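Enquirer: Below is a structure I'd like to ask you about.
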Amino acid sequence: QVQLVESGGGLVQTGGSLRLSCAASGRTLRRYAMGWFRQAPGKEREIVVAVNWSGGRTAYADSVKGRFTISRDNAKNTVYLQMDSLKPEDTAVYYCAVDMNYSYIDYLSLRPNGYDYWGQGTQVTVSS
């Protein structure tokens, strides 16, 4: 069983920054791709960014390119999301997830149903 716990969310003004963390336990995730998703009220869950097992390949949503940066520390079993230049439209609950369908593969799923385990989410609110 895998547990993912997100942290780092909060309230920030437009233009501000936040750093989200996703700590995994129960199993090492170093061989799997991981993703950050978000869901705003009344909207479907959408991909923010996905990263392959090594951290060497990423795929960002167009809406966050140049502002958000994903990284992973496999030694700590943790994935991070640095969010800069935040906008009110970034307001959502942010979730991390792991894709355990493939090991040591560079394939990145961009859909929620491609991921097997999810964290509980952390709220990010950007005020205008």
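Chain lettering (A, B, ...) mirrors the order of the structure tokens, residue numbering begins at 1 for each chain separately, and ligand numbering begins at 1 in order of display.
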So that I can see what lies close to range 89-101 of chain A, please list as a ChimeraX atom specification the residues with an atom at most 6 Å from it, counting only C-alpha atoms and leaving out residues fewer than 5 positions away in the same chain.

Expert: /A:32-40,115-119,121-126

Enquirer: Identify all residues of range 5-124 of chain A in strand (DSSP E or B) (DSSP on the backbone) and supply them as an NGL selection string.

Expert: :A and (5-7 or 10-13 or 18-25 or 33-39 or 46-51 or 58-60 or 68-73 or 78-83 or 92-99 or 117-118 or 122-124)

Enquirer: Please save C-alpha atoms of the selected residues as a tab-separated table (two decimals), in the first residue's frame.

Expert:
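Result file again.tsv:
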```tsv
chain	number	residue	atom	x	y	z
A	5	VAL	CA	0.77	13.15	1.68
A	6	GLU	CA	0.79	16.64	0.18
A	7	SER	CA	1.76	19.73	2.10
A	10	GLY	CA	-2.08	27.97	1.57
A	11	LEU	CA	-3.26	31.46	0.77
A	12	VAL	CA	-1.03	33.70	-1.31
A	13	GLN	CA	-1.43	36.93	-3.22
A	18	LEU	CA	4.35	28.39	-2.93
A	19	ARG	CA	6.23	25.12	-2.78
A	20	LEU	CA	4.19	21.95	-2.51
A	21	SER	CA	5.65	18.69	-1.28
A	22	CYS	CA	4.39	15.16	-1.76
A	23	ALA	CA	5.91	12.62	0.59
A	24	ALA	CA	5.43	8.94	-0.11
A	25	SER	CA	5.50	6.05	2.30
A	33	ALA	CA	6.36	8.41	-12.92
A	34	MET	CA	4.50	10.88	-10.76
A	35	GLY	CA	2.17	13.74	-11.41
A	36	TRP	CA	0.62	16.82	-9.91
A	37	PHE	CA	-3.03	17.48	-10.70
A	38	ARG	CA	-5.44	20.15	-9.58
A	39	GLN	CA	-9.17	20.51	-9.29
A	46	GLU	CA	-6.59	18.37	-14.67
A	47	ILE	CA	-2.92	17.64	-15.12
A	48	VAL	CA	-0.48	20.27	-13.92
A	49	VAL	CA	2.75	18.42	-14.60
A	50	ALA	CA	4.10	14.89	-14.79
A	51	VAL	CA	7.66	13.69	-14.25
A	58	THR	CA	8.58	16.33	-17.69
A	59	ALA	CA	5.32	17.41	-19.26
A	60	TYR	CA	3.66	20.65	-18.16
A	68	PHE	CA	5.79	25.97	-12.16
A	69	THR	CA	8.68	23.56	-11.72
A	70	ILE	CA	8.49	19.94	-10.67
A	71	SER	CA	11.36	18.09	-9.07
A	72	ARG	CA	11.82	14.86	-7.24
A	73	ASP	CA	14.20	13.55	-4.62
A	78	THR	CA	9.38	13.02	-2.26
A	79	VAL	CA	8.18	15.11	-5.18
A	80	TYR	CA	8.00	18.90	-5.15
A	81	LEU	CA	6.10	21.52	-7.08
A	82	GLN	CA	7.53	25.02	-7.04
A	83	MET	CA	4.84	27.48	-8.06
A	92	ALA	CA	-7.58	24.73	-6.66
A	93	VAL	CA	-6.96	21.65	-4.60
A	94	TYR	CA	-3.63	20.17	-5.69
A	95	TYR	CA	-3.07	16.43	-5.69
A	96	CYS	CA	-0.02	14.31	-6.26
A	97	ALA	CA	-0.31	10.84	-7.74
A	98	VAL	CA	1.88	7.93	-8.79
A	99	ASP	CA	1.66	5.83	-11.96
A	117	TYR	CA	-2.50	6.18	-5.86
A	118	TRP	CA	-3.43	9.69	-4.82
A	122	THR	CA	-3.75	20.48	-0.44
A	123	GLN	CA	-5.66	23.71	-1.00
A	124	VAL	CA	-3.98	26.54	-2.88
```
